[in-house]
Amino acid sequence: MCLHDLSELFCPAPLRVGTPVTSIRETILADSKILLSKSPNKHSRLYMNAQPLRDDLTNAIENRTTINSKMEPRILARTLVEQFNWEQIDARKVWCFGPEQTGPNLLVDMTKAVQYLNEIKDSVTSAFQWIMKEGPLCDEPVRGVRINIRDVLMNCDAIHRGGGQIIPAARRCFCGCILSATPAIAEPVYLMELQCRTANLGAVYSIIMRRRGQVIWEDHRPGWETITTVRAHIPVMESFGLPSELRSCNCGTETAARRADDGSEGGGDKAAIVGGSSCEIVTMVIDHWAVMTGDPHDTTTRCGAVVSRVRSHKCLPPSIPNVDTFIDKL
């Protein structure tokens, strides 16, 4: 509708319509090993590892219900310990959220007795914000990741631990930790509510299942014609063209239903379904994020194809960087 108005009414010129782009998130599914990254001058060493955040903690940070980045450190620590079973010592040493200082990722200091650590805190958090906004898989935001700083070795001379040395080393270490922790892609999922005739329920279910959807609730309404309300989860990537496909699934009952409606009285939402199309979407809102199945490194899977398409759209190299390009050895 919008493209038709734009091309026919406001700008009578041919338009090139591309494939719709859906926002995705990078995440991890397992803990990584402790990895080492050295500064460009080789005078500083950072040891870190990554682990996934619990789903309830990630959702709480995103929804800002029980936890957010604006909380006092003492209250934040108590919330993490009491509601999300964190260790007391770890909960007290959360450096920052990310990206944008409010996102659903955490940087935690787990070091002990490290000298000059506060001098590099700003540089490490800057690198953390950077990589959480542009992840290593396809430069998309990262979601549900906790980075633990395990140990830091630095030169006693302050000139060797500036931002030009620490930020590149920290960013490389963050990338290596994420890539070695079973990386995955999370996609947004709609909560869709629609109304249809019971006679067309089989066709509606078939369309939803074909688009990787899942029906979670249905309610039958007896009346002049039986109307069924259906709620389903459907990925945003599969929702393009869905309304028109649902309206077309009349299964030969459209004409008979309209003839029956000509002699009826009353109406309401039942009349809207009977007199109009056989299926109408009532609401469609983003409900949650779901991890896509498949290996992002394998382009034959759906997840790998999405990563490859995003990297091509952003003019990135076609293959995901190897973990060995980011980590160093003693």
# chains A, B, ... in the order shown; residues from 1 in each chain; ligands from 1
$ select_by_dssp --residues "region 72-284 of chain A" --states "strand (DSSP E or B)" --output "PDB file with C-alpha atoms, in the first residue's frame"
ATOM      1  CA  VAL A  94      29.603  -5.358  37.358  1.00  0.00           C
ATOM      2  CA  TRP A  95      31.440  -2.771  35.301  1.00  0.00           C
ATOM      3  CA  CYS A  96      28.762  -1.864  32.763  1.00  0.00           C
ATOM      4  CA  PHE A  97      25.824  -2.876  30.598  1.00  0.00           C
ATOM      5  CA  GLY A  98      26.038  -2.834  26.836  1.00  0.00           C
ATOM      6  CA  PRO A 104      21.194  -6.875  27.835  1.00  0.00           C
ATOM      7  CA  ASN A 105      24.913  -7.713  28.131  1.00  0.00           C
ATOM      8  CA  LEU A 106      27.164  -7.452  31.178  1.00  0.00           C
ATOM      9  CA  LEU A 107      30.883  -6.907  31.731  1.00  0.00           C
ATOM     10  CA  VAL A 108      32.032  -8.380  35.057  1.00  0.00           C
ATOM     11  CA  ASP A 109      35.384  -7.970  36.796  1.00  0.00           C
ATOM     12  CA  VAL A 142      24.807  -8.742  20.746  1.00  0.00           C
ATOM     13  CA  VAL A 145      26.191 -12.308  26.808  1.00  0.00           C
ATOM     14  CA  ARG A 146      28.259 -11.959  29.968  1.00  0.00           C
ATOM     15  CA  ILE A 147      31.983 -11.232  29.593  1.00  0.00           C
ATOM     16  CA  ASN A 148      34.199 -12.078  32.575  1.00  0.00           C
ATOM     17  CA  ILE A 149      37.579 -10.400  32.996  1.00  0.00           C
ATOM     18  CA  ARG A 150      39.665 -13.151  34.577  1.00  0.00           C
ATOM     19  CA  ASP A 151      43.115 -11.607  34.831  1.00  0.00           C
ATOM     20  CA  VAL A 152      45.101  -8.622  33.571  1.00  0.00           C
ATOM     21  CA  LEU A 153      48.858  -8.184  33.321  1.00  0.00           C
ATOM     22  CA  PRO A 183      27.687 -18.393  18.619  1.00  0.00           C
ATOM     23  CA  ALA A 184      24.114 -18.253  17.356  1.00  0.00           C
ATOM     24  CA  ILE A 185      21.591 -15.841  15.861  1.00  0.00           C
ATOM     25  CA  ALA A 186      18.399 -14.710  17.618  1.00  0.00           C
ATOM     26  CA  GLU A 187      15.453 -13.475  15.544  1.00  0.00           C
ATOM     27  CA  PRO A 188      12.405 -11.451  16.667  1.00  0.00           C
ATOM     28  CA  VAL A 189       9.090 -13.285  16.932  1.00  0.00           C
ATOM     29  CA  TYR A 190       5.616 -11.777  16.579  1.00  0.00           C
ATOM     30  CA  LEU A 191       2.674 -12.579  18.826  1.00  0.00           C
ATOM     31  CA  MET A 192      -0.159 -12.586  16.304  1.00  0.00           C
ATOM     32  CA  GLU A 193      -3.889 -12.705  17.012  1.00  0.00           C
ATOM     33  CA  LEU A 194      -6.302 -13.349  14.150  1.00  0.00           C
ATOM     34  CA  GLN A 195      -9.938 -14.218  13.586  1.00  0.00           C
ATOM     35  CA  CYS A 196     -11.149 -16.658  10.963  1.00  0.00           C
ATOM     36  CA  ARG A 197     -14.051 -18.941  10.114  1.00  0.00           C
ATOM     37  CA  GLN A 214       3.391 -22.051  16.333  1.00  0.00           C
ATOM     38  CA  VAL A 215      -0.231 -21.817  17.464  1.00  0.00           C
ATOM     39  CA  ILE A 216      -0.407 -21.257  21.235  1.00  0.00           C
ATOM     40  CA  TRP A 217      -4.134 -20.586  21.855  1.00  0.00           C
ATOM     41  CA  GLU A 218      -7.505 -20.700  20.142  1.00  0.00           C
ATOM     42  CA  ASP A 219     -11.070 -19.826  21.145  1.00  0.00           C
ATOM     43  CA  HIS A 220     -14.255 -20.833  19.328  1.00  0.00           C
ATOM     44  CA  ARG A 221     -17.170 -18.403  19.123  1.00  0.00           C
ATOM     45  CA  ILE A 227     -15.684 -17.689  14.338  1.00  0.00           C
ATOM     46  CA  THR A 228     -12.382 -18.804  15.843  1.00  0.00           C
ATOM     47  CA  THR A 229      -9.801 -16.528  17.445  1.00  0.00           C
ATOM     48  CA  VAL A 230      -6.245 -17.821  17.131  1.00  0.00           C
ATOM     49  CA  ARG A 231      -3.026 -16.647  18.767  1.00  0.00           C
ATOM     50  CA  ALA A 232       0.281 -17.766  17.337  1.00  0.00           C
ATOM     51  CA  HIS A 233       3.978 -17.005  17.408  1.00  0.00           C
ATOM     52  CA  ILE A 234       5.508 -16.364  13.995  1.00  0.00           C
ATOM     53  CA  PRO A 235       9.028 -15.143  13.125  1.00  0.00           C
ATOM     54  CA  CYS A 279      -9.368 -14.273   7.908  1.00  0.00           C
ATOM     55  CA  GLU A 280      -8.238 -10.986   9.446  1.00  0.00           C
ATOM     56  CA  ILE A 281      -5.226 -10.235  11.646  1.00  0.00           C
ATOM     57  CA  VAL A 282      -6.315  -8.352  14.764  1.00  0.00           C
ATOM     58  CA  THR A 283      -2.935  -7.575  16.354  1.00  0.00           C
ATOM     59  CA  MET A 284       0.705  -8.348  15.616  1.00  0.00           C
TER      60      MET A 284
END
$ closest_atom_pairs --of "region 24-113 of chain A" --to "region 161-171 of chain A" --cutoff "10 Å" --atoms "only C-alpha atoms" --output "JSON lines"
{"residue": "A:Leu36", "atom": "CA", "partner": "A:Ala169", "partner_atom": "CA", "distance": 9.2}
{"residue": "A:Ser37", "atom": "CA", "partner": "A:Ala169", "partner_atom": "CA", "distance": 5.7}
{"residue": "A:Lys38", "atom": "CA", "partner": "A:Ala169", "partner_atom": "CA", "distance": 5.7}
{"residue": "A:Ser39", "atom": "CA", "partner": "A:Ala169", "partner_atom": "CA", "distance": 4.9}
{"residue": "A:Pro40", "atom": "CA", "partner": "A:Gln165", "partner_atom": "CA", "distance": 5.9}
{"residue": "A:Asn41", "atom": "CA", "partner": "A:Gln165", "partner_atom": "CA", "distance": 7.1}
{"residue": "A:Lys42", "atom": "CA", "partner": "A:Gln165", "partner_atom": "CA", "distance": 8.9}
{"residue": "A:His43", "atom": "CA", "partner": "A:Arg161", "partner_atom": "CA", "distance": 7.9}
{"residue": "A:Ser44", "atom": "CA", "partner": "A:Arg161", "partner_atom": "CA", "distance": 7.0}
{"residue": "A:Arg45", "atom": "CA", "partner": "A:Ala169", "partner_atom": "CA", "distance": 8.0}
{"residue": "A:Leu46", "atom": "CA", "partner": "A:Ala170", "partner_atom": "CA", "distance": 7.0}
{"residue": "A:Tyr47", "atom": "CA", "partner": "A:Ala170", "partner_atom": "CA", "distance": 9.2}
{"residue": "A:Met48", "atom": "CA", "partner": "A:Ala170", "partner_atom": "CA", "distance": 8.9}
$ select_by_dssp --residues "region 129-304 of chain A" --states "helix (DSSP H, G or I)" --output "mmCIF file with N, CA, C and O atoms, in the first residue's frame"
data_model
loop_
_atom_site.group_PDB
_atom_site.id
_atom_site.type_symbol
_atom_site.label_atom_id
_atom_site.label_comp_id
_atom_site.auth_asym_id
_atom_site.auth_seq_id
_atom_site.Cartn_x
_atom_site.Cartn_y
_atom_site.Cartn_z
ATOM 1 N N GLN A 129 31.424 -1.715 24.720
ATOM 2 C CA GLN A 129 30.295 -1.069 24.054
ATOM 3 C C GLN A 129 30.396 -1.227 22.541
ATOM 4 O O GLN A 129 29.374 -1.430 21.850
ATOM 5 N N TRP A 130 31.599 -1.150 22.029
ATOM 6 C CA TRP A 130 31.834 -1.272 20.590
ATOM 7 C C TRP A 130 31.427 -2.661 20.082
ATOM 8 O O TRP A 130 30.651 -2.796 19.133
ATOM 9 N N ILE A 131 31.930 -3.720 20.735
ATOM 10 C CA ILE A 131 31.681 -5.059 20.241
ATOM 11 C C ILE A 131 30.251 -5.501 20.532
ATOM 12 O O ILE A 131 29.681 -6.323 19.794
ATOM 13 N N MET A 132 29.621 -4.973 21.577
ATOM 14 C CA MET A 132 28.226 -5.337 21.840
ATOM 15 C C MET A 132 27.274 -4.686 20.827
ATOM 16 O O MET A 132 26.175 -5.172 20.603
ATOM 17 N N LYS A 133 27.690 -3.602 20.218
ATOM 18 C CA LYS A 133 26.884 -2.944 19.187
ATOM 19 C C LYS A 133 27.141 -3.537 17.812
ATOM 20 O O LYS A 133 26.240 -3.573 16.964
ATOM 21 N N ALA A 158 52.975 3.855 32.649
ATOM 22 C CA ALA A 158 51.635 4.263 32.239
ATOM 23 C C ALA A 158 51.519 4.477 30.739
ATOM 24 O O ALA A 158 50.423 4.351 30.174
ATOM 25 N N ILE A 159 52.618 4.798 30.068
ATOM 26 C CA ILE A 159 52.543 5.061 28.634
ATOM 27 C C ILE A 159 52.213 3.804 27.833
ATOM 28 O O ILE A 159 51.743 3.867 26.692
ATOM 29 N N HIS A 160 52.427 2.630 28.420
ATOM 30 C CA HIS A 160 52.189 1.369 27.724
ATOM 31 C C HIS A 160 50.796 0.796 27.979
ATOM 32 O O HIS A 160 50.504 -0.300 27.512
ATOM 33 N N ARG A 161 49.951 1.503 28.718
ATOM 34 C CA ARG A 161 48.603 0.994 28.993
ATOM 35 C C ARG A 161 47.532 2.048 28.691
ATOM 36 O O ARG A 161 46.517 2.124 29.375
ATOM 37 N N GLY A 163 44.720 4.038 25.978
ATOM 38 C CA GLY A 163 43.596 3.538 25.208
ATOM 39 C C GLY A 163 44.007 2.939 23.875
ATOM 40 O O GLY A 163 43.390 1.978 23.402
ATOM 41 N N GLY A 164 45.055 3.471 23.248
ATOM 42 C CA GLY A 164 45.505 2.929 21.972
ATOM 43 C C GLY A 164 46.048 1.518 22.070
ATOM 44 O O GLY A 164 46.111 0.810 21.061
ATOM 45 N N GLN A 165 46.422 1.101 23.256
ATOM 46 C CA GLN A 165 46.923 -0.253 23.461
ATOM 47 C C GLN A 165 45.850 -1.190 24.022
ATOM 48 O O GLN A 165 45.781 -2.363 23.643
ATOM 49 N N ILE A 166 45.009 -0.696 24.914
ATOM 50 C CA ILE A 166 44.049 -1.550 25.615
ATOM 51 C C ILE A 166 42.798 -1.800 24.781
ATOM 52 O O ILE A 166 42.274 -2.921 24.732
ATOM 53 N N ILE A 167 42.263 -0.770 24.094
ATOM 54 C CA ILE A 167 41.009 -0.939 23.352
ATOM 55 C C ILE A 167 41.122 -1.999 22.256
ATOM 56 O O ILE A 167 40.264 -2.896 22.159
ATOM 57 N N PRO A 168 42.156 -1.976 21.399
ATOM 58 C CA PRO A 168 42.245 -3.050 20.391
ATOM 59 C C PRO A 168 42.395 -4.440 21.008
ATOM 60 O O PRO A 168 41.791 -5.409 20.522
ATOM 61 N N ALA A 169 43.185 -4.536 22.083
ATOM 62 C CA ALA A 169 43.375 -5.848 22.720
ATOM 63 C C ALA A 169 42.075 -6.353 23.337
ATOM 64 O O ALA A 169 41.729 -7.532 23.204
ATOM 65 N N ALA A 170 41.334 -5.461 24.002
ATOM 66 C CA ALA A 170 40.072 -5.870 24.623
ATOM 67 C C ALA A 170 39.047 -6.264 23.568
ATOM 68 O O ALA A 170 38.327 -7.260 23.723
ATOM 69 N N ARG A 171 38.978 -5.508 22.494
ATOM 70 C CA ARG A 171 38.002 -5.835 21.442
ATOM 71 C C ARG A 171 38.310 -7.186 20.816
ATOM 72 O O ARG A 171 37.394 -7.991 20.565
ATOM 73 N N ARG A 172 39.567 -7.466 20.540
ATOM 74 C CA ARG A 172 39.933 -8.759 19.977
ATOM 75 C C ARG A 172 39.615 -9.886 20.936
ATOM 76 O O ARG A 172 39.154 -10.973 20.529
ATOM 77 N N CYS A 173 39.813 -9.661 22.208
ATOM 78 C CA CYS A 173 39.505 -10.693 23.198
ATOM 79 C C CYS A 173 37.999 -10.935 23.288
ATOM 80 O O CYS A 173 37.549 -12.080 23.406
ATOM 81 N N PHE A 174 37.203 -9.875 23.240
ATOM 82 C CA PHE A 174 35.741 -10.020 23.246
ATOM 83 C C PHE A 174 35.284 -10.825 22.032
ATOM 84 O O PHE A 174 34.431 -11.723 22.157
ATOM 85 N N CYS A 175 35.817 -10.511 20.855
ATOM 86 C CA CYS A 175 35.429 -11.242 19.640
ATOM 87 C C CYS A 175 35.789 -12.717 19.758
ATOM 88 O O CYS A 175 34.982 -13.597 19.405
ATOM 89 N N GLY A 176 36.990 -13.000 20.233
ATOM 90 C CA GLY A 176 37.398 -14.392 20.375
ATOM 91 C C GLY A 176 36.535 -15.157 21.358
ATOM 92 O O GLY A 176 36.189 -16.324 21.115
ATOM 93 N N CYS A 177 36.168 -14.519 22.464
ATOM 94 C CA CYS A 177 35.321 -15.180 23.460
ATOM 95 C C CYS A 177 33.945 -15.514 22.882
ATOM 96 O O CYS A 177 33.413 -16.608 23.109
ATOM 97 N N ILE A 178 33.346 -14.584 22.134
ATOM 98 C CA ILE A 178 32.018 -14.822 21.567
ATOM 99 C C ILE A 178 32.067 -15.916 20.512
ATOM 100 O O ILE A 178 31.212 -16.813 20.474
ATOM 101 N N LEU A 179 33.083 -15.901 19.641
ATOM 102 C CA LEU A 179 33.166 -16.889 18.569
ATOM 103 C C LEU A 179 33.485 -18.286 19.089
ATOM 104 O O LEU A 179 33.167 -19.283 18.426
ATOM 105 N N THR A 198 -14.257 -21.059 11.254
ATOM 106 C CA THR A 198 -13.810 -22.390 11.664
ATOM 107 C C THR A 198 -13.605 -23.296 10.459
ATOM 108 O O THR A 198 -12.732 -24.165 10.474
ATOM 109 N N ALA A 199 -14.377 -23.089 9.402
ATOM 110 C CA ALA A 199 -14.210 -23.897 8.194
ATOM 111 C C ALA A 199 -12.846 -23.695 7.548
ATOM 112 O O ALA A 199 -12.346 -24.578 6.844
ATOM 113 N N ASN A 200 -12.257 -22.542 7.780
ATOM 114 C CA ASN A 200 -10.943 -22.240 7.190
ATOM 115 C C ASN A 200 -9.799 -22.470 8.158
ATOM 116 O O ASN A 200 -8.658 -22.111 7.863
ATOM 117 N N LEU A 201 -10.080 -23.070 9.316
ATOM 118 C CA LEU A 201 -9.052 -23.192 10.353
ATOM 119 C C LEU A 201 -7.898 -24.072 9.894
ATOM 120 O O LEU A 201 -6.733 -23.783 10.184
ATOM 121 N N GLY A 202 -8.197 -25.130 9.155
ATOM 122 C CA GLY A 202 -7.132 -26.004 8.673
ATOM 123 C C GLY A 202 -6.176 -25.289 7.740
ATOM 124 O O GLY A 202 -4.952 -25.460 7.824
ATOM 125 N N ALA A 203 -6.719 -24.462 6.833
ATOM 126 C CA ALA A 203 -5.859 -23.714 5.912
ATOM 127 C C ALA A 203 -5.016 -22.682 6.653
ATOM 128 O O ALA A 203 -3.848 -22.466 6.318
ATOM 129 N N VAL A 204 -5.607 -22.045 7.667
ATOM 130 C CA VAL A 204 -4.857 -21.063 8.460
ATOM 131 C C VAL A 204 -3.712 -21.737 9.196
ATOM 132 O O VAL A 204 -2.582 -21.236 9.218
ATOM 133 N N TYR A 205 -3.987 -22.893 9.818
ATOM 134 C CA TYR A 205 -2.931 -23.628 10.518
ATOM 135 C C TYR A 205 -1.813 -24.025 9.554
ATOM 136 O O TYR A 205 -0.631 -23.953 9.898
ATOM 137 N N SER A 206 -2.184 -24.438 8.355
ATOM 138 C CA SER A 206 -1.179 -24.843 7.376
ATOM 139 C C SER A 206 -0.268 -23.675 6.998
ATOM 140 O O SER A 206 0.950 -23.834 6.877
ATOM 141 N N ILE A 207 -0.855 -22.497 6.824
ATOM 142 C CA ILE A 207 -0.056 -21.322 6.473
ATOM 143 C C ILE A 207 0.883 -20.952 7.618
ATOM 144 O O ILE A 207 2.061 -20.647 7.402
ATOM 145 N N ILE A 208 0.383 -20.998 8.844
ATOM 146 C CA ILE A 208 1.216 -20.639 10.000
ATOM 147 C C ILE A 208 2.374 -21.613 10.161
ATOM 148 O O ILE A 208 3.522 -21.209 10.386
ATOM 149 N N MET A 209 2.100 -22.907 10.042
ATOM 150 C CA MET A 209 3.164 -23.906 10.190
ATOM 151 C C MET A 209 4.183 -23.805 9.066
ATOM 152 O O MET A 209 5.386 -24.006 9.287
ATOM 153 N N ARG A 210 3.725 -23.510 7.870
ATOM 154 C CA ARG A 210 4.649 -23.392 6.737
ATOM 155 C C ARG A 210 5.606 -22.219 6.927
ATOM 156 O O ARG A 210 6.728 -22.242 6.394
ATOM 157 N N VAL A 236 9.396 -12.836 12.551
ATOM 158 C CA VAL A 236 9.214 -11.619 11.756
ATOM 159 C C VAL A 236 9.692 -11.838 10.323
ATOM 160 O O VAL A 236 9.094 -11.323 9.371
ATOM 161 N N MET A 237 10.751 -12.630 10.148
ATOM 162 C CA MET A 237 11.258 -12.891 8.805
ATOM 163 C C MET A 237 10.235 -13.580 7.917
ATOM 164 O O MET A 237 10.289 -13.457 6.690
ATOM 165 N N GLU A 238 9.322 -14.329 8.529
ATOM 166 C CA GLU A 238 8.337 -15.078 7.763
ATOM 167 C C GLU A 238 7.003 -14.352 7.650
ATOM 168 O O GLU A 238 6.041 -14.898 7.112
ATOM 169 N N LEU A 242 2.181 -12.227 4.743
ATOM 170 C CA LEU A 242 1.263 -13.103 5.483
ATOM 171 C C LEU A 242 -0.183 -12.613 5.459
ATOM 172 O O LEU A 242 -1.097 -13.431 5.266
ATOM 173 N N PRO A 243 -0.484 -11.305 5.668
ATOM 174 C CA PRO A 243 -1.899 -10.890 5.660
ATOM 175 C C PRO A 243 -2.629 -11.227 4.372
ATOM 176 O O PRO A 243 -3.757 -11.729 4.400
ATOM 177 N N SER A 244 -1.995 -10.976 3.231
ATOM 178 C CA SER A 244 -2.666 -11.272 1.959
ATOM 179 C C SER A 244 -2.863 -12.767 1.771
ATOM 180 O O SER A 244 -3.885 -13.206 1.217
ATOM 181 N N GLU A 245 -1.909 -13.570 2.236
ATOM 182 C CA GLU A 245 -2.057 -15.025 2.105
ATOM 183 C C GLU A 245 -3.170 -15.548 3.002
ATOM 184 O O GLU A 245 -3.920 -16.451 2.614
ATOM 185 N N LEU A 246 -3.308 -14.968 4.197
ATOM 186 C CA LEU A 246 -4.385 -15.399 5.082
ATOM 187 C C LEU A 246 -5.752 -14.999 4.539
ATOM 188 O O LEU A 246 -6.725 -15.744 4.667
ATOM 189 N N ARG A 247 -5.840 -13.829 3.929
ATOM 190 C CA ARG A 247 -7.131 -13.398 3.376
ATOM 191 C C ARG A 247 -7.571 -14.260 2.202
ATOM 192 O O ARG A 247 -8.761 -14.338 1.902
ATOM 193 N N GLU A 254 -16.331 -18.378 0.810
ATOM 194 C CA GLU A 254 -16.543 -16.931 0.833
ATOM 195 C C GLU A 254 -17.916 -16.551 0.279
ATOM 196 O O GLU A 254 -18.662 -15.788 0.879
ATOM 197 N N THR A 255 -18.269 -17.119 -0.877
ATOM 198 C CA THR A 255 -19.531 -16.744 -1.523
ATOM 199 C C THR A 255 -20.730 -17.185 -0.697
ATOM 200 O O THR A 255 -21.691 -16.430 -0.477
ATOM 201 N N ALA A 256 -20.682 -18.402 -0.195
ATOM 202 C CA ALA A 256 -21.792 -18.899 0.619
ATOM 203 C C ALA A 256 -21.950 -18.090 1.893
ATOM 204 O O ALA A 256 -23.069 -17.811 2.347
ATOM 205 N N ALA A 257 -20.824 -17.690 2.483
ATOM 206 C CA ALA A 257 -20.894 -16.917 3.722
ATOM 207 C C ALA A 257 -21.505 -15.548 3.476
ATOM 208 O O ALA A 257 -22.292 -15.056 4.281
ATOM 209 N N ARG A 258 -21.175 -14.916 2.358
ATOM 210 C CA ARG A 258 -21.733 -13.595 2.082
ATOM 211 C C ARG A 258 -23.237 -13.685 1.797
ATOM 212 O O ARG A 258 -24.008 -12.805 2.190
ATOM 213 N N ARG A 259 -23.669 -14.759 1.105
ATOM 214 C CA ARG A 259 -25.092 -14.933 0.859
ATOM 215 C C ARG A 259 -25.841 -15.134 2.173
ATOM 216 O O ARG A 259 -26.950 -14.625 2.362
ATOM 217 N N ALA A 260 -25.242 -15.889 3.078
ATOM 218 C CA ALA A 260 -25.888 -16.111 4.373
ATOM 219 C C ALA A 260 -25.956 -14.838 5.177
ATOM 220 O O ALA A 260 -26.874 -14.623 5.966
ATOM 221 N N ASP A 261 -24.965 -13.960 4.979
ATOM 222 C CA ASP A 261 -24.918 -12.721 5.762
ATOM 223 C C ASP A 261 -25.917 -11.689 5.255
ATOM 224 O O ASP A 261 -26.282 -10.768 5.974
ATOM 225 N N ASP A 262 -26.390 -11.824 3.990
ATOM 226 C CA ASP A 262 -27.307 -10.828 3.436
ATOM 227 C C ASP A 262 -28.614 -10.756 4.208
ATOM 228 O O ASP A 262 -29.212 -9.687 4.350
ATOM 229 N N ASP A 269 -17.865 -7.758 15.268
ATOM 230 C CA ASP A 269 -16.686 -8.340 14.653
ATOM 231 C C ASP A 269 -17.034 -9.570 13.839
ATOM 232 O O ASP A 269 -16.356 -9.917 12.890
ATOM 233 N N LYS A 270 -18.163 -10.254 14.182
ATOM 234 C CA LYS A 270 -18.576 -11.402 13.399
ATOM 235 C C LYS A 270 -18.944 -10.978 11.982
ATOM 236 O O LYS A 270 -18.578 -11.635 10.994
ATOM 237 N N ALA A 271 -19.664 -9.890 11.837
ATOM 238 C CA ALA A 271 -20.044 -9.405 10.512
ATOM 239 C C ALA A 271 -18.824 -8.988 9.718
ATOM 240 O O ALA A 271 -18.797 -9.117 8.496
ATOM 241 N N ALA A 272 -17.792 -8.469 10.404
ATOM 242 C CA ALA A 272 -16.582 -8.068 9.689
ATOM 243 C C ALA A 272 -15.898 -9.273 9.069
ATOM 244 O O ALA A 272 -15.370 -9.208 7.960
ATOM 245 N N ILE A 273 -15.927 -10.421 9.772
ATOM 246 C CA ILE A 273 -15.311 -11.611 9.214
ATOM 247 C C ILE A 273 -16.186 -12.226 8.135
ATOM 248 O O ILE A 273 -15.725 -12.650 7.088
ATOM 249 N N VAL A 274 -17.521 -12.275 8.397
ATOM 250 C CA VAL A 274 -18.419 -12.925 7.459
ATOM 251 C C VAL A 274 -18.544 -12.123 6.179
ATOM 252 O O VAL A 274 -18.472 -12.640 5.070
ATOM 253 N N GLY A 275 -18.745 -10.818 6.305
ATOM 254 C CA GLY A 275 -18.981 -10.002 5.136
ATOM 255 C C GLY A 275 -17.721 -9.615 4.406
ATOM 256 O O GLY A 275 -17.781 -9.216 3.257
ATOM 257 N N ARG A 302 19.536 -22.403 7.534
ATOM 258 C CA ARG A 302 18.814 -21.134 7.511
ATOM 259 C C ARG A 302 19.579 -20.055 8.270
ATOM 260 O O ARG A 302 19.666 -18.897 7.830
ATOM 261 N N CYS A 303 20.159 -20.423 9.408
ATOM 262 C CA CYS A 303 20.925 -19.450 10.201
ATOM 263 C C CYS A 303 22.139 -18.956 9.430
ATOM 264 O O CYS A 303 22.419 -17.760 9.385
ATOM 265 N N GLY A 304 22.876 -19.886 8.809
ATOM 266 C CA GLY A 304 24.045 -19.489 8.031
ATOM 267 C C GLY A 304 23.683 -18.636 6.831
ATOM 268 O O GLY A 304 24.428 -17.713 6.469
#
$ residues_around --residues "region 68-81 of chain A" --least-positions-apart "2" --cutoff "9 Å" --atoms "only C-alpha atoms" --output "PyMOL selection string"
chain A and resi 57+60-66+83-94+96-97+101-103
$ closest_residue --among "A:Pro99, A:Ile24, A:Thr301, A:Pro321" --to "Ser126 (chain A)" --atoms "only C-alpha atoms"
A:Pro99
